[in-house]
$ cat model.txt   # compact mmCIF, C-alpha atoms
# COMPACT_ATOMS: atom_id res chain seq x y z
CA MET L 15 -6.44 24.94 -14.88
CA THR L 16 -5.15 26.14 -11.50
CA GLN L 17 -1.48 25.59 -10.63
CA MET L 18 -1.30 24.88 -6.89
CA PRO L 19 1.47 26.92 -5.19
CA GLU L 20 2.72 24.46 -2.53
CA LEU L 21 3.91 21.08 -3.68
CA PRO L 22 3.58 18.20 -3.39
CA LEU L 23 -0.04 18.83 -2.41
CA GLN L 24 -0.90 15.13 -2.71
CA MET L 25 1.41 14.24 0.18
CA ARG L 26 0.41 16.90 2.71
CA ARG L 27 -1.82 16.16 5.70
CA ASN L 28 -3.28 18.09 8.63
CA GLY L 29 -3.15 15.49 11.36
CA PHE L 30 -5.75 12.88 10.46
CA ASP L 31 -7.30 15.12 7.83
CA PRO L 32 -6.39 16.06 4.25
CA VAL L 33 -5.19 19.65 3.99
CA ALA L 34 -7.82 22.27 3.17
CA GLU L 35 -6.29 22.93 -0.26
CA LEU L 36 -6.94 19.30 -1.22
CA ALA L 37 -10.61 19.57 -0.27
CA ARG L 38 -10.89 22.83 -2.23
CA ALA L 39 -9.30 21.16 -5.26
CA ARG L 40 -11.81 18.29 -5.04
CA ASP L 41 -14.82 20.54 -4.51
CA GLY L 42 -13.64 23.01 -7.16
CA GLU L 43 -12.07 21.88 -10.40
CA GLY L 44 -11.63 18.25 -9.33
CA VAL L 45 -8.23 18.02 -11.08
CA VAL L 46 -5.18 20.18 -10.30
CA ARG L 47 -1.55 20.23 -11.44
CA VAL L 48 1.12 19.06 -8.99
CA GLU L 49 4.61 17.55 -9.00
CA THR L 50 5.56 13.93 -8.37
CA PRO L 51 8.21 13.09 -5.70
CA LEU L 52 10.63 12.92 -8.66
CA GLY L 53 9.88 16.55 -9.50
CA LEU L 54 7.86 15.74 -12.63
CA PRO L 55 4.60 17.54 -13.50
CA ALA L 56 1.39 15.56 -12.96
CA TYR L 57 -2.37 15.91 -12.71
CA LEU L 58 -3.98 15.16 -9.33
CA VAL L 59 -7.48 13.61 -9.49
CA CYS L 60 -9.47 14.28 -6.32
CA ARG L 61 -13.10 13.15 -6.70
CA HIS L 62 -14.24 9.67 -5.71
CA GLU L 63 -16.04 8.92 -8.98
CA ASP L 64 -13.13 10.17 -11.11
CA VAL L 65 -10.55 8.25 -9.07
CA ARG L 66 -12.49 5.02 -9.64
CA LYS L 67 -12.68 5.76 -13.37
CA VAL L 68 -8.91 6.24 -13.62
CA LEU L 69 -8.11 3.12 -11.62
CA SER L 70 -10.50 0.96 -13.62
CA ASP L 71 -9.11 1.97 -17.03
CA PRO L 72 -5.55 0.60 -17.48
CA ALA L 73 -5.85 0.93 -21.26
CA ARG L 74 -5.87 4.75 -21.04
CA PHE L 75 -4.07 5.14 -17.70
CA SER L 76 -1.00 2.89 -17.81
CA SER L 77 1.02 1.65 -14.84
CA ALA L 78 3.76 0.21 -17.05
CA LEU L 79 4.99 3.51 -18.46
CA THR L 80 5.72 5.28 -15.17
CA PRO L 81 9.23 5.53 -13.59
CA PHE L 82 9.61 4.71 -9.89
CA PRO L 83 11.77 6.51 -7.28
CA GLY L 84 15.43 5.64 -7.80
CA SER L 85 14.96 4.31 -11.34
CA GLY L 86 17.11 7.12 -12.73
CA GLN L 87 20.10 5.73 -10.81
CA MET L 88 19.88 2.26 -12.43
CA ASP L 89 20.95 0.96 -15.83
CA ALA L 90 18.48 -0.90 -18.07
CA ASP L 91 19.44 -4.39 -16.83
CA GLU L 92 19.17 -3.49 -13.14
CA LEU L 93 15.91 -1.65 -13.75
CA ALA L 94 14.41 -4.71 -15.48
CA LYS L 95 15.44 -6.90 -12.54
CA MET L 96 14.00 -4.44 -10.03
CA GLN L 97 10.66 -4.27 -11.88
CA ALA L 98 10.24 -8.00 -12.55
CA GLY L 99 7.29 -9.46 -10.64
CA GLN L 100 6.06 -6.05 -9.47
CA LEU L 101 2.34 -6.14 -10.24
CA ILE L 102 2.01 -2.39 -9.73
CA ALA L 103 4.48 -1.82 -12.59
CA PHE L 104 2.53 -3.74 -15.24
CA ASP L 105 -0.68 -3.51 -17.25
CA PRO L 106 -2.75 -6.38 -18.64
CA PRO L 107 -2.01 -8.89 -20.04
CA GLU L 108 1.30 -9.18 -18.12
CA HIS L 109 -0.35 -7.99 -14.92
CA THR L 110 -3.16 -10.51 -15.45
CA ARG L 111 -0.68 -13.36 -15.85
CA LEU L 112 1.12 -12.56 -12.62
CA ARG L 113 -2.00 -11.82 -10.59
CA ARG L 114 -3.69 -15.05 -11.72
CA MET L 115 -0.85 -17.04 -10.13
CA LEU L 116 -0.82 -15.00 -6.92
CA THR L 117 -4.56 -14.68 -6.23
CA PRO L 118 -5.00 -18.24 -4.86
CA GLU L 119 -2.33 -17.50 -2.24
CA PHE L 120 -4.43 -14.63 -0.83
CA THR L 121 -7.85 -16.22 -0.55
CA VAL L 122 -9.57 -15.91 2.83
CA ARG L 123 -9.28 -19.69 3.26
CA ARG L 124 -5.51 -19.66 2.80
CA MET L 125 -5.08 -16.61 4.98
CA ARG L 126 -6.90 -18.35 7.80
CA ARG L 127 -4.12 -20.92 7.92
CA LEU L 128 -1.94 -18.11 9.24
CA GLU L 129 -4.35 -17.12 12.01
CA PRO L 130 -2.75 -19.25 14.77
CA ARG L 131 0.72 -17.90 14.02
CA ILE L 132 -0.52 -14.31 13.66
CA THR L 133 -2.32 -14.65 17.00
CA GLU L 134 0.94 -15.84 18.57
CA ILE L 135 2.87 -12.91 17.05
CA VAL L 136 0.27 -10.41 18.31
CA GLN L 137 0.17 -11.89 21.79
CA THR L 138 3.97 -11.83 22.06
CA ALA L 139 4.03 -8.18 20.97
CA LEU L 140 1.35 -7.27 23.51
CA ASP L 141 3.32 -9.05 26.25
CA ASP L 142 6.45 -7.13 25.24
CA LEU L 143 4.47 -3.89 25.30
CA GLU L 144 3.22 -4.61 28.80
CA ARG L 145 6.68 -5.57 30.06
CA ALA L 146 8.14 -2.32 28.71
CA GLY L 147 6.00 -0.41 31.19
CA LYS L 148 4.60 3.09 30.96
CA PRO L 149 4.62 5.17 28.88
CA ALA L 150 3.79 2.53 26.26
CA ASP L 151 5.24 2.92 22.76
CA LEU L 152 2.64 1.20 20.58
CA VAL L 153 4.53 1.92 17.36
CA ALA L 154 7.92 0.53 18.44
CA HIS L 155 6.58 -2.51 20.30
CA PHE L 156 3.54 -3.41 18.23
CA ALA L 157 2.65 -1.47 15.07
CA LEU L 158 6.08 -1.83 13.41
CA PRO L 159 7.14 -5.37 14.39
CA VAL L 160 3.80 -7.21 13.96
CA PRO L 161 3.34 -6.62 10.19
CA SER L 162 7.03 -7.27 9.56
CA LEU L 163 6.94 -10.59 11.42
CA VAL L 164 3.76 -11.66 9.60
CA ILE L 165 5.47 -10.94 6.27
CA CYS L 166 8.45 -12.99 7.50
CA GLU L 167 6.05 -15.90 8.09
CA LEU L 168 4.59 -15.50 4.59
CA LEU L 169 8.00 -15.45 2.92
CA GLY L 170 9.75 -18.01 5.12
CA VAL L 171 12.36 -15.60 6.51
CA PRO L 172 14.45 -17.54 9.08
CA PRO L 173 14.05 -16.30 12.69
CA ALA L 174 17.74 -15.39 12.87
CA ASP L 175 17.31 -12.93 9.97
CA ARG L 176 14.19 -11.17 11.20
CA ALA L 177 15.71 -8.32 13.20
CA GLU L 178 17.90 -7.33 10.24
CA PHE L 179 14.90 -7.79 7.93
CA GLN L 180 12.86 -5.31 9.99
CA ASP L 181 15.71 -2.80 10.13
CA ARG L 182 16.26 -2.93 6.37
CA SER L 183 12.52 -2.55 5.76
CA VAL L 184 12.40 0.62 7.85
CA ARG L 185 15.43 2.12 6.04
CA MET L 186 14.04 1.30 2.61
CA LEU L 187 10.64 2.87 3.32
CA ASP L 188 11.90 5.98 5.12
CA THR L 189 10.91 8.78 2.74
CA SER L 190 12.87 11.31 4.84
CA SER L 191 16.18 9.64 3.87
CA PRO L 192 18.20 10.79 0.84
CA MET L 193 17.35 8.90 -2.34
CA GLU L 194 20.88 7.40 -2.48
CA GLN L 195 20.34 5.72 0.92
CA ARG L 196 16.92 4.40 -0.08
CA VAL L 197 18.30 2.98 -3.33
CA ALA L 198 21.13 1.32 -1.37
CA ALA L 199 18.54 -0.25 0.95
CA GLN L 200 16.53 -1.39 -2.10
CA ARG L 201 19.63 -3.12 -3.44
CA GLU L 202 20.29 -4.78 -0.09
CA ASP L 203 16.68 -5.95 0.00
CA HIS L 204 16.92 -7.29 -3.55
CA ALA L 205 20.05 -9.26 -2.69
CA TYR L 206 18.45 -10.71 0.44
CA MET L 207 15.25 -11.68 -1.39
CA ALA L 208 17.37 -13.34 -4.11
CA GLY L 209 18.90 -15.58 -1.45
CA LEU L 210 15.48 -16.32 0.02
CA VAL L 211 14.14 -17.32 -3.41
CA ALA L 212 17.19 -19.50 -4.10
CA ARG L 213 16.55 -21.42 -0.87
CA ALA L 214 12.87 -21.82 -1.78
CA GLN L 215 13.79 -23.12 -5.23
CA ALA L 216 16.25 -25.63 -3.74
CA ASP L 217 13.89 -26.81 -0.97
CA PRO L 218 10.33 -25.43 -1.23
CA GLY L 219 8.70 -25.04 2.18
CA GLU L 220 5.10 -24.43 3.21
CA ASP L 221 5.43 -20.65 3.06
CA MET L 222 4.15 -18.61 0.11
CA LEU L 223 7.42 -18.63 -1.83
CA GLY L 224 7.64 -22.40 -1.47
CA MET L 225 4.08 -22.84 -2.71
CA LEU L 226 4.71 -20.52 -5.68
CA VAL L 227 7.84 -22.50 -6.60
CA ARG L 228 5.97 -25.82 -6.41
CA GLU L 229 2.85 -24.67 -8.25
CA HIS L 230 4.26 -22.12 -10.73
CA GLY L 231 8.01 -22.72 -10.78
CA HIS L 232 7.99 -23.23 -14.55
CA ASP L 233 5.91 -20.09 -15.20
CA LEU L 234 7.68 -17.60 -12.92
CA SER L 235 11.28 -16.57 -13.48
CA THR L 236 13.71 -16.17 -10.60
CA ASP L 237 13.59 -12.38 -11.03
CA GLU L 238 9.78 -12.47 -10.89
CA LEU L 239 9.81 -14.49 -7.66
CA ILE L 240 12.24 -11.96 -6.16
CA GLY L 241 9.98 -9.12 -7.28
CA ILE L 242 6.90 -10.74 -5.77
CA ALA L 243 8.70 -11.12 -2.43
CA LYS L 244 9.77 -7.46 -2.52
CA LEU L 245 6.26 -6.31 -3.38
CA LEU L 246 4.80 -8.16 -0.39
CA LEU L 247 7.18 -6.28 1.87
CA LEU L 248 6.65 -2.90 0.20
CA ALA L 249 2.86 -3.14 0.11
CA GLY L 250 2.29 -4.81 3.46
CA HIS L 251 4.71 -3.42 6.04
CA GLU L 252 4.47 0.35 6.35
CA THR L 253 0.80 0.53 5.35
CA THR L 254 -0.29 -1.95 8.02
CA SER L 255 2.00 -0.37 10.63
CA ASN L 256 0.49 3.05 9.98
CA MET L 257 -3.03 1.64 10.13
CA LEU L 258 -2.39 -0.03 13.49
CA GLY L 259 -0.86 3.06 15.06
CA LEU L 260 -3.16 5.70 13.59
CA GLY L 261 -6.27 3.52 13.95
CA THR L 262 -5.60 3.06 17.66
CA LEU L 263 -5.03 6.78 18.14
CA ALA L 264 -8.18 7.64 16.18
CA LEU L 265 -10.31 5.40 18.40
CA LEU L 266 -8.75 6.78 21.56
CA ARG L 267 -9.68 10.27 20.35
CA HIS L 268 -13.23 9.07 19.59
CA PRO L 269 -14.16 7.21 22.80
CA ASP L 270 -17.79 6.84 21.71
CA GLN L 271 -16.66 4.82 18.67
CA LEU L 272 -14.25 2.78 20.78
CA ALA L 273 -17.05 2.00 23.25
CA MET L 274 -19.21 0.66 20.41
CA ILE L 275 -16.49 -1.83 19.49
CA ARG L 276 -15.88 -2.88 23.09
CA ASP L 277 -19.59 -3.42 23.66
CA ASP L 278 -20.22 -5.36 20.45
CA PRO L 279 -17.47 -7.43 18.74
CA ALA L 280 -19.63 -7.50 15.59
CA GLN L 281 -18.65 -3.84 15.13
CA VAL L 282 -14.99 -4.71 14.55
CA GLU L 283 -15.35 -5.37 10.82
CA PRO L 284 -17.33 -2.20 9.99
CA ALA L 285 -14.93 -0.25 12.23
CA VAL L 286 -11.97 -1.46 10.18
CA GLU L 287 -13.68 -0.41 6.94
CA GLU L 288 -14.53 3.02 8.32
CA LEU L 289 -11.00 3.54 9.62
CA LEU L 290 -9.64 2.56 6.21
CA ARG L 291 -11.85 5.21 4.61
CA TRP L 292 -11.33 7.94 7.20
CA LEU L 293 -7.57 7.52 7.63
CA SER L 294 -6.59 6.67 4.04
CA VAL L 295 -3.09 5.71 5.20
CA VAL L 296 -2.13 5.01 1.58
CA GLN L 297 -2.41 8.51 0.19
CA LEU L 298 -1.68 7.61 -3.43
CA LEU L 299 -0.36 4.94 -5.74
CA PRO L 300 2.43 5.43 -8.30
CA PRO L 301 1.30 7.78 -11.09
CA ARG L 302 -0.45 6.41 -14.15
CA THR L 303 0.60 7.58 -17.61
CA THR L 304 -2.07 8.54 -20.13
CA THR L 305 -1.83 6.60 -23.39
CA ALA L 306 -4.10 9.05 -25.22
CA GLU L 307 -5.67 12.44 -24.65
CA VAL L 308 -8.30 12.06 -21.92
CA GLU L 309 -10.88 14.22 -20.17
CA ILE L 310 -11.41 14.11 -16.41
CA ALA L 311 -13.83 16.39 -14.57
CA GLY L 312 -14.05 18.52 -17.69
CA GLN L 313 -10.26 18.95 -17.86
CA VAL L 314 -8.40 17.81 -20.98
CA ILE L 315 -5.17 15.94 -20.16
CA PRO L 316 -2.66 15.31 -22.97
CA ALA L 317 -1.31 11.89 -23.89
CA GLY L 318 1.91 10.99 -22.07
CA SER L 319 0.91 12.86 -18.88
CA PHE L 320 1.27 11.57 -15.33
CA VAL L 321 -2.00 11.18 -13.41
CA ILE L 322 -2.11 10.72 -9.62
CA CYS L 323 -5.22 9.70 -7.67
CA SER L 324 -5.70 11.23 -4.22
CA PHE L 325 -7.21 8.60 -1.93
CA PRO L 326 -7.74 10.93 1.08
CA ALA L 327 -9.65 13.42 -1.07
CA ALA L 328 -11.72 10.68 -2.73
CA ASN L 329 -12.56 8.92 0.54
CA ARG L 330 -13.71 12.22 2.09
CA ASP L 331 -15.75 13.24 -0.97
CA PRO L 332 -19.23 14.47 0.10
CA ALA L 333 -20.60 13.06 -3.15
CA PHE L 334 -19.52 9.61 -1.98
CA ALA L 335 -20.11 9.65 1.79
CA GLU L 336 -22.54 11.62 3.93
CA ASP L 337 -20.79 13.79 6.52
CA PRO L 338 -17.43 12.40 5.32
CA GLU L 339 -15.27 14.25 7.88
CA THR L 340 -16.88 12.32 10.74
CA LEU L 341 -15.52 8.97 11.91
CA ASP L 342 -18.62 6.78 12.14
CA ILE L 343 -18.18 3.01 12.38
CA SER L 344 -21.93 2.51 11.90
CA ARG L 345 -21.73 4.09 8.45
CA GLY L 346 -22.49 0.83 6.65
CA ALA L 347 -21.36 -0.20 3.17
CA ALA L 348 -17.77 0.69 2.38
CA GLY L 349 -17.07 1.59 -1.26
CA HIS L 350 -13.86 3.39 -0.27
CA VAL L 351 -10.72 3.29 -2.38
CA ALA L 352 -8.28 2.68 0.49
CA PHE L 353 -7.22 -0.58 -1.19
CA GLY L 354 -7.32 0.94 -4.66
CA HIS L 355 -9.79 -0.15 -7.31
CA GLY L 356 -9.89 -2.10 -10.56
CA VAL L 357 -7.18 -4.50 -11.72
CA HIS L 358 -4.70 -3.17 -9.15
CA HIS L 359 -7.03 -3.52 -6.15
CA CYS L 360 -4.83 -4.62 -3.24
CA LEU L 361 -4.13 -8.33 -3.57
CA GLY L 362 -3.37 -8.62 0.16
CA ALA L 363 -6.64 -7.07 1.37
CA PRO L 364 -7.86 -10.39 2.90
CA LEU L 365 -4.66 -10.60 4.97
CA ALA L 366 -4.69 -6.91 5.94
$ encode --input "model.txt" --output "structure tokens"
Amino acid sequence: MTQMPELPLQMRRNGFDPVAELARARDGEGVVRVETPLGLPAYLVCRHEDVRKVLSDPARFSSALTPFPGSGQMDADELAKMQAGQLIAFDPPEHTRLRRMLTPEFTVRRMRRLEPRITEIVQTALDDLERAGKPADLVAHFALPVPSLVICELLGVPPADRAEFQDRSVRMLDTSSPMEQRVAAQREDHAYMAGLVARAQADPGEDMLGMLVREHGHDLSTDELIGIAKLLLLAGHETTSNMLGLGTLALLRHPDQLAMIRDDPAQVEPAVEELLRWLSVVQLLPPRTTTAEVEIAGQVIPAGSFVICSFPAANRDPAFAEDPETLDISRGAAGHVAFGHGVHHCLGAPLA
């Protein structure tokens, strides 16, 4: 099996596009060896069909056995608290138990209750963007604050805390910062979410935490409620911000596609699906750990190995999509893996 020379390959991009080496890995062997951000060896799966197979098989590709960034700086008790409630850190049946309680909170019907408030948040951000004058900074005035404020609405974050909440979110998710600073921000976030959960337990409101306390307060521990709140922030802030900023830029660079949306509002939904596929703003999920020897794309992978799925490579796989390098909002049925696949398919997809 080929050892790729420049690492981490799975995190490199060429503008909107995956790097050429990633396409060659997909079109060649299909699986290549890389390193995780923690410097550990892993196998990178690049083909659409193989990625779906890995993500749909938690029995052989475990999420529960994989360390997360910063875990080496925590003792066992702190690590257990940090992982509690984190769906991405569990396999069935524990994952099933948690997801069963959360799924009703993310139905389309429940998400529509947020539409008036989300519309207000978006309109305020657009007004701020216009008042700021030219040149407009879409990221600072729209793409970053809108998802953060929507998450604040979901969690019941008081208005007075929201500026600090946004600042802490940015620091925690900044992969260019030293690990010590990111871990410190994680601890700050954990402490804040603990206070938020305590208030919800004392006086449950109409936000998501309040509803979880009322409906599942006897089934979810305090640490699990804190973990759920942290996961909503981690999964929903940076990903949505990147999608808003990059999606706007992509359409501006493809005026024919933008014109189709402007001329026909019915094209908005297929445009979102195509942008999700073409951009693949979530490049990968945390590695899975093999529980037995497995074979992927003809490559034998030993038990106890880390396996990473490359979403950009899979979503641009010619075996999955015709002319995959082209942004085409009229493409039709989705089938992309931008929201993952299988038991860990993004719970917040209806909101996103």
$ closest_residue --input "model.txt" --among "L:Leu263, L:Ala78, L:Val153, L:Leu163" --to "Thr138 of chain L" --atoms "all atoms listed in the file"
L:Leu163
$ atom_distance --input "model.txt" --atom1 "atom CA of Asp337 of chain L" --atom2 "atom CA of Gln313 of chain L"
27.1 Å
$ atom_distance --input "model.txt" --atom1 "atom CA of Thr305 of chain L" --atom2 "atom CA of Phe320 of chain L"
10.0 Å
$ closest_residue --input "model.txt" --among "L:Pro32, L:Gly170, L:Gly99, L:Gly346" --to "Glu238 of chain L" --atoms "all atoms listed in the file"
L:Gly99
$ closest_residue --input "model.txt" --among "L:Arg213, L:Arg27, L:Arg228, L:Arg330" --to "His350 of chain L" --atoms "only C-alpha atoms"
L:Arg330
$ closest_residue --input "model.txt" --among "L:Ala285, L:Met207, L:Cys60, L:Leu36" --to "Leu245 of chain L" --atoms "all atoms listed in the file"
L:Met207
$ build_atoms --input "model.txt" --residues "segment 295-319 of chain L" --atoms "N, CA and C atoms" --output "PDB file, keeping the file's coordinate frame"
ATOM      1  N   VAL L 295      -4.532   5.700   4.912  1.00  0.00           N
ATOM      2  CA  VAL L 295      -3.090   5.710   5.200  1.00  0.00           C
ATOM      3  C   VAL L 295      -2.256   5.610   3.924  1.00  0.00           C
ATOM      4  N   VAL L 296      -2.788   4.962   2.889  1.00  0.00           N
ATOM      5  CA  VAL L 296      -2.130   5.010   1.580  1.00  0.00           C
ATOM      6  C   VAL L 296      -2.701   6.222   0.863  1.00  0.00           C
ATOM      7  N   GLN L 297      -1.904   7.266   0.750  1.00  0.00           N
ATOM      8  CA  GLN L 297      -2.410   8.510   0.190  1.00  0.00           C
ATOM      9  C   GLN L 297      -2.522   8.468  -1.334  1.00  0.00           C
ATOM     10  N   LEU L 298      -1.657   7.684  -1.967  1.00  0.00           N
ATOM     11  CA  LEU L 298      -1.680   7.610  -3.430  1.00  0.00           C
ATOM     12  C   LEU L 298      -0.870   6.411  -3.883  1.00  0.00           C
ATOM     13  N   LEU L 299      -1.143   5.973  -5.092  1.00  0.00           N
ATOM     14  CA  LEU L 299      -0.360   4.940  -5.740  1.00  0.00           C
ATOM     15  C   LEU L 299       0.609   5.592  -6.729  1.00  0.00           C
ATOM     16  N   PRO L 300       1.563   4.834  -7.268  1.00  0.00           N
ATOM     17  CA  PRO L 300       2.430   5.430  -8.300  1.00  0.00           C
ATOM     18  C   PRO L 300       1.594   6.049  -9.409  1.00  0.00           C
ATOM     19  N   PRO L 301       2.078   7.117 -10.021  1.00  0.00           N
ATOM     20  CA  PRO L 301       1.300   7.780 -11.090  1.00  0.00           C
ATOM     21  C   PRO L 301       0.988   6.825 -12.239  1.00  0.00           C
ATOM     22  N   ARG L 302      -0.139   7.066 -12.883  1.00  0.00           N
ATOM     23  CA  ARG L 302      -0.450   6.410 -14.150  1.00  0.00           C
ATOM     24  C   ARG L 302      -0.026   7.356 -15.274  1.00  0.00           C
ATOM     25  N   THR L 303       0.232   6.790 -16.445  1.00  0.00           N
ATOM     26  CA  THR L 303       0.600   7.580 -17.610  1.00  0.00           C
ATOM     27  C   THR L 303      -0.499   7.456 -18.656  1.00  0.00           C
ATOM     28  N   THR L 304      -0.997   8.585 -19.132  1.00  0.00           N
ATOM     29  CA  THR L 304      -2.070   8.540 -20.130  1.00  0.00           C
ATOM     30  C   THR L 304      -1.518   8.059 -21.473  1.00  0.00           C
ATOM     31  N   THR L 305      -2.248   7.139 -22.094  1.00  0.00           N
ATOM     32  CA  THR L 305      -1.830   6.600 -23.390  1.00  0.00           C
ATOM     33  C   THR L 305      -2.481   7.346 -24.551  1.00  0.00           C
ATOM     34  N   ALA L 306      -3.424   8.220 -24.215  1.00  0.00           N
ATOM     35  CA  ALA L 306      -4.100   9.050 -25.220  1.00  0.00           C
ATOM     36  C   ALA L 306      -4.612  10.293 -24.510  1.00  0.00           C
ATOM     37  N   GLU L 307      -5.049  11.270 -25.269  1.00  0.00           N
ATOM     38  CA  GLU L 307      -5.670  12.440 -24.650  1.00  0.00           C
ATOM     39  C   GLU L 307      -6.951  12.009 -23.947  1.00  0.00           C
ATOM     40  N   VAL L 308      -7.127  12.447 -22.696  1.00  0.00           N
ATOM     41  CA  VAL L 308      -8.300  12.060 -21.920  1.00  0.00           C
ATOM     42  C   VAL L 308      -8.935  13.301 -21.312  1.00  0.00           C
ATOM     43  N   GLU L 309     -10.178  13.147 -20.864  1.00  0.00           N
ATOM     44  CA  GLU L 309     -10.880  14.220 -20.170  1.00  0.00           C
ATOM     45  C   GLU L 309     -11.359  13.715 -18.821  1.00  0.00           C
ATOM     46  N   ILE L 310     -10.986  14.445 -17.762  1.00  0.00           N
ATOM     47  CA  ILE L 310     -11.410  14.110 -16.410  1.00  0.00           C
ATOM     48  C   ILE L 310     -11.979  15.364 -15.773  1.00  0.00           C
ATOM     49  N   ALA L 311     -13.175  15.250 -15.230  1.00  0.00           N
ATOM     50  CA  ALA L 311     -13.830  16.390 -14.570  1.00  0.00           C
ATOM     51  C   ALA L 311     -13.831  17.625 -15.459  1.00  0.00           C
ATOM     52  N   GLY L 312     -14.015  17.397 -16.756  1.00  0.00           N
ATOM     53  CA  GLY L 312     -14.050  18.520 -17.690  1.00  0.00           C
ATOM     54  C   GLY L 312     -12.703  19.068 -18.089  1.00  0.00           C
ATOM     55  N   GLN L 313     -11.615  18.486 -17.550  1.00  0.00           N
ATOM     56  CA  GLN L 313     -10.260  18.950 -17.860  1.00  0.00           C
ATOM     57  C   GLN L 313      -9.620  18.025 -18.892  1.00  0.00           C
ATOM     58  N   VAL L 314      -9.082  18.593 -19.946  1.00  0.00           N
ATOM     59  CA  VAL L 314      -8.400  17.810 -20.980  1.00  0.00           C
ATOM     60  C   VAL L 314      -6.947  17.589 -20.567  1.00  0.00           C
ATOM     61  N   ILE L 315      -6.531  16.313 -20.564  1.00  0.00           N
ATOM     62  CA  ILE L 315      -5.170  15.940 -20.160  1.00  0.00           C
ATOM     63  C   ILE L 315      -4.485  15.311 -21.357  1.00  0.00           C
ATOM     64  N   PRO L 316      -3.330  15.828 -21.761  1.00  0.00           N
ATOM     65  CA  PRO L 316      -2.660  15.310 -22.970  1.00  0.00           C
ATOM     66  C   PRO L 316      -2.156  13.885 -22.795  1.00  0.00           C
ATOM     67  N   ALA L 317      -1.957  13.208 -23.912  1.00  0.00           N
ATOM     68  CA  ALA L 317      -1.310  11.890 -23.890  1.00  0.00           C
ATOM     69  C   ALA L 317       0.105  12.024 -23.342  1.00  0.00           C
ATOM     70  N   GLY L 318       0.564  10.977 -22.631  1.00  0.00           N
ATOM     71  CA  GLY L 318       1.910  10.990 -22.070  1.00  0.00           C
ATOM     72  C   GLY L 318       2.027  11.748 -20.762  1.00  0.00           C
ATOM     73  N   SER L 319       0.895  12.111 -20.147  1.00  0.00           N
ATOM     74  CA  SER L 319       0.910  12.860 -18.880  1.00  0.00           C
ATOM     75  C   SER L 319       0.823  11.898 -17.696  1.00  0.00           C
TER      76      SER L 319
END
